[in-house]
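Shown here: upload_36.csv, CSV, C-alpha atoms.
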```
chain,number,residue,atom,x,y,z
A,538,MET,CA,-24.4,8.4,87.0
A,539,LYS,CA,-27.5,10.2,85.7
A,540,LEU,CA,-25.4,12.3,83.3
A,541,LEU,CA,-23.7,9.1,82.0
A,542,LYS,CA,-27.1,7.4,81.4
A,543,THR,CA,-28.3,10.5,79.5
A,544,TYR,CA,-25.1,10.5,77.4
A,545,ILE,CA,-25.6,6.9,76.6
A,546,ILE,CA,-29.2,7.4,75.5
A,547,VAL,CA,-28.2,10.4,73.3
A,548,CYS,CA,-25.5,8.3,71.7
A,549,LEU,CA,-27.7,5.4,71.0
A,550,THR,CA,-30.4,7.7,69.6
A,551,THR,CA,-27.8,9.3,67.3
A,552,LEU,CA,-26.6,6.0,66.1
A,553,TYR,CA,-30.1,4.8,65.4
A,554,LEU,CA,-30.9,8.0,63.4
A,555,PHE,CA,-27.7,7.6,61.5
A,556,SER,CA,-28.5,4.0,60.6
A,557,MET,CA,-31.9,5.1,59.4
A,558,SER,CA,-30.3,7.7,57.2
A,559,GLY,CA,-28.2,5.0,55.7
A,560,CYS,CA,-31.1,4.1,53.3
A,561,LYS,CA,-30.0,7.1,51.2
A,562,LYS,CA,-27.4,4.8,49.7
A,563,THR,CA,-27.4,1.3,48.2
A,564,GLU,CA,-25.3,-1.4,49.7
A,565,ASP,CA,-22.3,-0.3,47.5
A,566,GLY,CA,-22.6,3.2,48.9
A,567,THR,CA,-24.2,4.8,45.8
A,568,LEU,CA,-26.6,7.7,46.5
A,569,GLN,CA,-30.2,6.8,45.6
A,570,ILE,CA,-32.6,9.1,43.9
A,571,PRO,CA,-36.1,9.5,45.5
A,572,SER,CA,-38.7,7.1,44.1
A,573,GLU,CA,-40.8,7.8,41.0
A,574,ASN,CA,-43.7,8.5,43.4
A,575,SER,CA,-41.9,11.6,44.6
A,576,PHE,CA,-42.1,13.2,41.2
A,577,ILE,CA,-44.8,11.7,39.0
A,578,MET,CA,-48.4,11.8,40.1
A,579,ASP,CA,-50.9,9.0,39.4
A,580,LEU,CA,-53.6,10.7,37.4
A,581,GLY,CA,-55.1,7.5,36.0
A,582,PHE,CA,-58.4,7.9,37.9
A,583,THR,CA,-60.4,6.2,35.1
A,584,ASP,CA,-58.7,3.0,33.9
A,585,SER,CA,-59.5,0.8,30.9
A,586,ASN,CA,-61.6,-1.6,33.0
A,587,GLN,CA,-64.0,1.2,33.8
A,588,LYS,CA,-64.8,2.4,30.3
A,589,SER,CA,-67.6,0.0,29.7
A,590,ALA,CA,-69.2,1.0,32.9
A,591,LEU,CA,-68.9,4.7,32.0
A,592,GLU,CA,-70.8,4.0,28.8
A,593,THR,CA,-73.7,2.1,30.4
A,594,ASN,CA,-74.4,3.8,33.7
A,595,THR,CA,-75.5,7.1,35.1
A,596,VAL,CA,-72.2,8.4,36.4
A,597,VAL,CA,-72.7,12.1,37.0
A,598,TYR,CA,-70.7,12.1,40.2
A,599,HIS,CA,-67.8,10.0,39.0
A,600,SER,CA,-67.7,12.0,35.7
A,601,ALA,CA,-67.5,15.3,37.8
A,602,ALA,CA,-64.5,13.8,39.6
A,603,ALA,CA,-62.9,12.7,36.4
A,604,SER,CA,-63.4,16.2,34.8
A,605,ALA,CA,-61.8,17.9,37.8
A,606,ILE,CA,-58.7,15.7,37.5
A,607,GLU,CA,-58.6,16.0,33.7
A,608,ILE,CA,-58.0,19.7,34.0
A,609,TRP,CA,-54.8,19.0,35.9
A,610,THR,CA,-53.8,16.2,33.6
A,611,LYS,CA,-53.5,18.8,30.9
A,612,ILE,CA,-51.6,21.3,33.1
A,613,VAL,CA,-49.2,18.6,34.3
A,614,SER,CA,-48.6,17.2,30.8
A,615,ALA,CA,-47.7,20.6,29.5
A,616,GLN,CA,-45.1,21.2,32.2
A,617,THR,CA,-43.6,17.8,32.9
A,618,VAL,CA,-43.2,15.9,29.6
A,619,VAL,CA,-39.4,16.4,29.3
A,620,PRO,CA,-38.5,16.6,33.0
A,621,ALA,CA,-40.6,13.6,33.9
A,622,ALA,CA,-39.0,11.5,31.1
A,623,ALA,CA,-35.6,12.6,32.3
A,624,PHE,CA,-36.4,11.8,35.9
A,625,LYS,CA,-37.7,8.3,35.1
A,626,GLU,CA,-34.6,7.5,33.0
A,627,ALA,CA,-32.3,8.6,35.8
A,628,LEU,CA,-33.7,5.8,37.9
A,629,ASN,CA,-32.2,3.3,35.4
A,630,GLN,CA,-28.7,4.9,35.4
A,631,VAL,CA,-25.6,4.4,37.5
A,632,PRO,CA,-24.1,7.6,38.8
A,633,GLU,CA,-20.4,8.6,39.0
A,634,ARG,CA,-18.9,10.1,42.1
A,635,LYS,CA,-17.1,13.5,41.5
A,636,ASP,CA,-15.8,14.8,44.8
A,637,SER,CA,-18.9,15.7,46.9
A,638,LEU,CA,-21.3,15.3,43.9
A,639,TRP,CA,-23.0,12.3,42.5
A,640,VAL,CA,-23.6,12.7,38.8
A,641,TRP,CA,-26.1,10.9,36.5
A,642,GLN,CA,-25.6,11.8,32.8
A,643,TYR,CA,-27.4,10.2,29.9
A,644,ASN,CA,-29.6,10.7,26.9
A,645,VAL,CA,-33.4,10.6,26.9
A,646,THR,CA,-35.8,10.8,24.0
A,647,THR,CA,-39.3,12.1,24.0
A,648,GLY,CA,-41.2,12.1,20.7
A,649,ASN,CA,-38.7,13.0,17.9
A,650,ASP,CA,-36.4,15.0,20.3
A,651,THR,CA,-33.4,13.8,22.1
A,652,TYR,CA,-32.0,15.5,25.2
A,653,VAL,CA,-28.8,15.2,27.3
A,654,ALA,CA,-29.8,15.1,30.9
A,655,LYS,CA,-27.4,15.7,33.8
A,656,LEU,CA,-28.7,15.1,37.3
A,657,THR,CA,-26.5,15.9,40.3
A,658,GLY,CA,-27.1,15.0,44.0
A,659,GLN,CA,-25.1,16.4,46.9
A,660,VAL,CA,-25.6,15.4,50.6
A,661,ILE,CA,-25.8,18.4,52.9
A,662,LYS,CA,-26.2,17.4,56.5
A,663,ASP,CA,-29.4,15.4,56.7
A,664,SER,CA,-30.6,16.4,53.2
A,665,VAL,CA,-29.7,15.9,49.5
A,666,GLN,CA,-29.7,18.8,47.1
A,667,TRP,CA,-30.7,17.9,43.5
A,668,ILE,CA,-30.2,19.8,40.2
A,669,MET,CA,-31.3,18.6,36.8
A,670,LYS,CA,-29.8,20.3,33.8
A,671,ILE,CA,-31.1,19.4,30.3
A,672,SER,CA,-29.8,20.2,26.8
A,673,LYS,CA,-31.7,19.6,23.6
A,674,VAL,CA,-29.6,17.9,20.9
A,675,GLY,CA,-29.5,20.2,17.8
A,676,ASP,CA,-30.8,23.2,19.7
A,677,SER,CA,-28.1,25.5,21.0
A,678,ASN,CA,-30.7,27.8,22.6
A,679,LEU,CA,-31.7,25.0,25.1
A,680,SER,CA,-28.4,24.2,26.7
A,681,ASN,CA,-27.8,23.3,30.3
A,682,PHE,CA,-31.3,24.4,31.2
A,683,VAL,CA,-32.0,23.9,34.9
A,684,TRP,CA,-35.3,22.1,34.4
A,685,PHE,CA,-35.8,21.3,38.1
A,686,THR,CA,-34.1,21.4,41.4
A,687,GLY,CA,-35.1,19.8,44.7
A,688,MET,CA,-34.3,18.8,48.3
A,689,SER,CA,-35.0,15.5,49.9
A,690,HIS,CA,-34.3,14.1,53.3
A,691,VAL,CA,-31.6,11.5,53.4
A,692,SER,CA,-34.2,8.9,54.5
A,693,ARG,CA,-36.0,9.4,51.1
A,694,LEU,CA,-39.3,9.9,53.1
A,695,GLY,CA,-40.0,13.5,52.1
A,696,GLY,CA,-38.9,16.5,50.2
A,697,TYR,CA,-39.8,18.9,47.4
A,698,TRP,CA,-39.1,19.7,43.7
A,699,LEU,CA,-39.3,22.9,41.8
A,700,LEU,CA,-39.9,22.7,38.1
A,701,ASN,CA,-39.0,25.5,35.7
A,702,TYR,CA,-40.6,26.5,32.4
A,703,PRO,CA,-38.3,27.4,29.5
A,704,LYS,CA,-39.8,30.8,28.6
A,705,VAL,CA,-38.4,32.7,25.6
A,706,VAL,CA,-37.5,36.3,26.4
A,707,ASN,CA,-35.8,38.4,23.8
A,708,ALA,CA,-34.7,35.3,21.9
A,709,THR,CA,-33.2,33.8,25.0
A,710,ILE,CA,-34.6,31.0,27.1
A,711,VAL,CA,-34.9,31.8,30.8
A,712,ASN,CA,-35.9,29.7,33.8
A,713,VAL,CA,-39.4,30.5,35.0
A,714,PRO,CA,-40.8,28.6,38.1
A,715,ALA,CA,-43.8,26.6,36.9
A,716,LEU,CA,-44.7,23.9,39.4
A,717,SER,CA,-43.7,23.2,43.0
A,718,ILE,CA,-43.9,19.5,44.1
A,719,LYS,CA,-44.2,18.5,47.7
A,720,TRP,CA,-44.0,14.9,48.6
A,721,SER,CA,-43.9,12.4,51.5
A,722,ILE,CA,-43.7,8.6,51.5
A,723,THR,CA,-44.0,6.6,54.7
A,724,GLY,CA,-44.9,3.2,53.2
A,725,ASP,CA,-46.7,1.4,50.4
A,726,LYS,CA,-50.1,2.4,51.8
A,727,VAL,CA,-49.4,6.0,52.9
A,728,ARG,CA,-48.0,8.7,50.7
A,729,ALA,CA,-48.8,12.1,49.4
A,730,LEU,CA,-47.8,14.2,46.3
A,731,GLN,CA,-48.9,17.7,45.7
A,732,TYR,CA,-48.5,19.9,42.6
A,733,THR,CA,-48.9,23.6,43.0
A,734,TYR,CA,-49.2,25.8,39.9
A,735,ILE,CA,-46.9,28.8,40.4
A,736,LEU,CA,-46.4,29.9,36.8
A,737,GLU,CA,-46.9,33.7,36.6
A,738,GLN,CA,-48.0,33.7,33.0
A,739,VAL,CA,-49.3,31.2,30.4
A,740,TRP,CA,-49.3,31.3,26.6
A,741,ASP,CA,-52.7,32.3,25.1
A,742,THR,CA,-53.0,30.5,21.7
A,743,ASN,CA,-55.8,32.9,20.7
A,744,GLN,CA,-54.0,36.1,21.5
A,745,LEU,CA,-50.6,34.7,20.7
A,746,LYS,CA,-49.0,36.2,23.8
A,747,TYR,CA,-48.4,35.5,27.4
A,748,VAL,CA,-51.3,36.4,29.8
A,749,ASP,CA,-51.6,36.3,33.6
A,750,ASN,CA,-52.1,32.8,35.0
A,751,LEU,CA,-55.5,33.0,36.7
A,752,ASN,CA,-55.0,29.6,38.4
A,753,LYS,CA,-51.6,30.5,40.0
A,754,GLY,CA,-51.8,29.1,43.5
A,755,GLY,CA,-54.1,26.3,42.5
A,756,TYR,CA,-53.1,22.8,43.4
A,757,ILE,CA,-53.8,19.1,43.2
A,758,LYS,CA,-52.8,16.6,45.8
A,759,PHE,CA,-52.9,12.8,45.4
A,760,GLY,CA,-52.6,10.5,48.4
A,761,LEU,CA,-52.9,7.0,49.7
A,762,GLN,CA,-54.2,6.4,53.2
A,763,ILE,CA,-55.0,3.6,55.5
A,764,ASP,CA,-58.8,3.7,55.4
A,765,PRO,CA,-61.0,0.6,54.9
A,766,LYS,CA,-63.6,2.5,52.9
A,767,TYR,CA,-61.5,5.0,50.8
A,768,ASP,CA,-57.8,4.3,50.6
A,769,ALA,CA,-57.0,7.0,47.9
A,770,TYR,CA,-57.9,10.6,47.5
A,771,TYR,CA,-57.4,13.8,45.4
A,772,THR,CA,-57.7,17.3,46.8
A,773,ILE,CA,-58.0,19.9,44.1
A,774,TYR,CA,-58.1,23.6,44.6
A,775,SER,CA,-59.1,25.9,41.7
A,776,LYS,CA,-57.7,29.4,42.5
A,777,GLN,CA,-59.6,30.9,39.5
A,778,GLU,CA,-62.9,29.5,40.7
A,779,SER,CA,-62.2,29.5,44.5
A,780,LYS,CA,-63.4,25.9,44.7
A,781,LEU,CA,-62.0,23.0,46.7
A,782,TRP,CA,-62.8,19.5,45.5
A,783,GLN,CA,-62.2,16.4,47.5
A,784,ILE,CA,-62.4,13.0,45.7
A,785,LEU,CA,-62.2,9.8,47.7
A,786,TRP,CA,-62.4,6.3,46.4
A,787,ASN,CA,-61.5,2.7,47.0
A,788,ARG,CA,-58.9,1.5,44.5
A,789,THR,CA,-60.2,-2.1,44.7
A,790,THR,CA,-63.9,-1.7,44.7
A,791,LYS,CA,-64.0,1.6,42.7
A,792,GLU,CA,-66.6,3.1,45.1
A,793,GLY,CA,-66.1,6.8,45.8
A,794,ARG,CA,-67.5,10.1,46.7
A,795,ILE,CA,-66.9,13.8,45.8
A,796,ASN,CA,-67.1,16.8,48.0
A,797,LEU,CA,-67.1,20.5,47.1
A,798,ASN,CA,-66.0,23.1,49.6
A,799,ASP,CA,-66.5,20.5,52.4
A,800,ILE,CA,-70.0,19.7,51.3
A,801,THR,CA,-70.8,16.2,49.9
A,802,VAL,CA,-71.9,16.4,46.3
A,803,GLY,CA,-72.6,12.7,45.8
A,804,CYS,CA,-71.2,9.1,45.8
A,805,TRP,CA,-70.9,6.2,43.3
A,806,ASP,CA,-71.0,2.4,43.7
A,807,THR,CA,-68.7,-0.4,42.5
A,808,THR,CA,-70.1,0.1,38.9
A,809,LEU,CA,-69.5,3.8,39.1
A,810,ALA,CA,-73.2,4.5,39.0
A,811,ASP,CA,-74.6,7.3,41.1
A,812,LYS,CA,-75.9,6.3,44.5
A,813,ALA,CA,-79.1,7.8,45.9
A,814,SER,CA,-77.4,8.7,49.1
A,815,CYS,CA,-73.9,8.5,50.7
A,816,ASP,CA,-73.7,6.2,53.7
```

Could you render the structure as structure tokens?
Amino acid sequence: MKLLKTYIIVCLTTLYLFSMSGCKKTEDGTLQIPSENSFIMDLGFTDSNQKSALETNTVVYHSAAASAIEIWTKIVSAQTVVPAAAFKEALNQVPERKDSLWVWQYNVTTGNDTYVAKLTGQVIKDSVQWIMKISKVGDSNLSNFVWFTGMSHVSRLGGYWLLNYPKVVNATIVNVPALSIKWSITGDKVRALQYTYILEQVWDTNQLKYVDNLNKGGYIKFGLQIDPKYDAYYTIYSKQESKLWQILWNRTTKEGRINLNDITVGCWDTTLADKASCD
């Protein structure tokens, strides 16, 4: 009897987990792509409503936080313009089923350039394997370039992406790993997205050649948390400077604080003005 009870419990647990994994598909059975929050980080730390406050108050601490984030805004923009546009557009498309693959194929335009994007998803046990290939219209050199790959759990609650950089080597474009993205989403109020810079070399516009990437291994992590005081945060690690910044703030009141290497640097109030002390 004990064995029978154990068997029933195992079966019910398995059925529950299977039903939870069902959210990987829509009601018509179509495989779903992870949400935009799994790929594109919110870097809009300073919004338009705060500009007037920035101009009229002493905002040393808030400005320090914004400057730390701005560095990563440039890095991310350089690496994700095309793949981010392709990812966002994929969310608007309806895939086709081809054997074990789900295929999204469509055109996407960024600036004056048009690309043909092909995203495939394949369920492998409790995970989904993703591959994005992109071709630039009118440029035979950039054809079926694997711009990013990824794995996600069928529950769409976590996974990772690996973004490549199209580096030219001997007149041929090769795939060079540039950014790794780790993500988790457990609700509207709790999620995390981390970019880690893994590019070996970067282009030096002064020397007109590739040089070692001194910030390889650096990362920025954005997250939402259930905290009555600070419900959002960034953790930023500069490999080149060996500095770890932590920025916490309230998305409603705009209050926040900034820490460096686990030591509090300062705080700001609802107008972004520096506070005399952090309470």

Can you build me a table of range 604-709 of chain A residues sitting at most 6 Å from range 718-730 of chain A, with the closest atom pair per residue and its distance in Å to one decimal, using all atoms listed in the file, sorted by chain and residue number, as JSON lines?
```
{"residue": "A:Leu694", "atom": "CA", "partner": "A:Ile722", "partner_atom": "CA", "distance": 4.9}
{"residue": "A:Gly695", "atom": "CA", "partner": "A:Ser721", "partner_atom": "CA", "distance": 4.1}
{"residue": "A:Gly696", "atom": "CA", "partner": "A:Trp720", "partner_atom": "CA", "distance": 5.6}
{"residue": "A:Tyr697", "atom": "CA", "partner": "A:Lys719", "partner_atom": "CA", "distance": 4.4}
{"residue": "A:Trp698", "atom": "CA", "partner": "A:Ile718", "partner_atom": "CA", "distance": 4.8}
```

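Across A:Gly581, A:Pro765, A:Gly675, A:Pro632, the tightest approach to Thr651 in chain A is made by A:Gly675 when counting all atoms listed in the file.
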
Point-to-point distance in Å for CA of Leu785 in chain A and CA of Tyr770 in chain A: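 Those two atoms sit 4.4 Å apart.
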
Nearby residues (only C-alpha atoms) at most 8 Å from range 602-612 of chain A, same-chain spacing under 3 positions excluded, as a ChimeraX atom specification: /A:580,582-583,598-599,615-616,757,773,782,784,795

So, with only C-alpha atoms as the atoms that count, which of A:Asn574, A:Thr595, A:Gln762, A:Asn798 lies closest to Trp786 in chain A?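 That would be A:Gln762, the residue with the smallest distance to Trp786 in chain A.
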
Between A:Val674, A:Leu628, A:Leu638, A:Leu736, which has the minimum distance to Val613 in chain A (counting only C-alpha atoms)?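 Closest to Val613 in chain A of all the choices is A:Leu736.
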
Excluding Val631 in chain A and its own-chain neighbours fewer than 6 positions away, which residues fall within 12 Å of it when counting all atoms listed in the file? Please give them as a PDB file with C-alpha atoms, in the frame of the given file.
```pdb
ATOM      1  CA  THR A 563     -27.400   1.300  48.200  1.00  0.00           C
ATOM      2  CA  ASP A 565     -22.300  -0.300  47.500  1.00  0.00           C
ATOM      3  CA  GLY A 566     -22.600   3.200  48.900  1.00  0.00           C
ATOM      4  CA  THR A 567     -24.200   4.800  45.800  1.00  0.00           C
ATOM      5  CA  LEU A 568     -26.600   7.700  46.500  1.00  0.00           C
ATOM      6  CA  GLN A 569     -30.200   6.800  45.600  1.00  0.00           C
ATOM      7  CA  ILE A 570     -32.600   9.100  43.900  1.00  0.00           C
ATOM      8  CA  TRP A 639     -23.000  12.300  42.500  1.00  0.00           C
ATOM      9  CA  VAL A 640     -23.600  12.700  38.800  1.00  0.00           C
ATOM     10  CA  TRP A 641     -26.100  10.900  36.500  1.00  0.00           C
ATOM     11  CA  GLN A 642     -25.600  11.800  32.800  1.00  0.00           C
ATOM     12  CA  TYR A 643     -27.400  10.200  29.900  1.00  0.00           C
ATOM     13  CA  LEU A 656     -28.700  15.100  37.300  1.00  0.00           C
ATOM     14  CA  THR A 657     -26.500  15.900  40.300  1.00  0.00           C
TER      15      THR A 657
END
```

Interatomic distance (Å, one decimal) between CA of Ser717 in chain A and CA of Thr617 in chain A: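 Between CA of Ser717 in chain A and CA of Thr617 in chain A the gap is 11.5 Å.
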
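Atom to atom, CA of Tyr771 in chain A and CA of Asn750 in chain A stand 22.3 Å apart.
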
I'd like the contact shell of Ser637 in chain A - 9 Å cut-off, all atoms listed in the file, skipping same-chain residues fewer than 3 positions apart - returned as a PyMOL selection string. chain A and resi 634+658-660
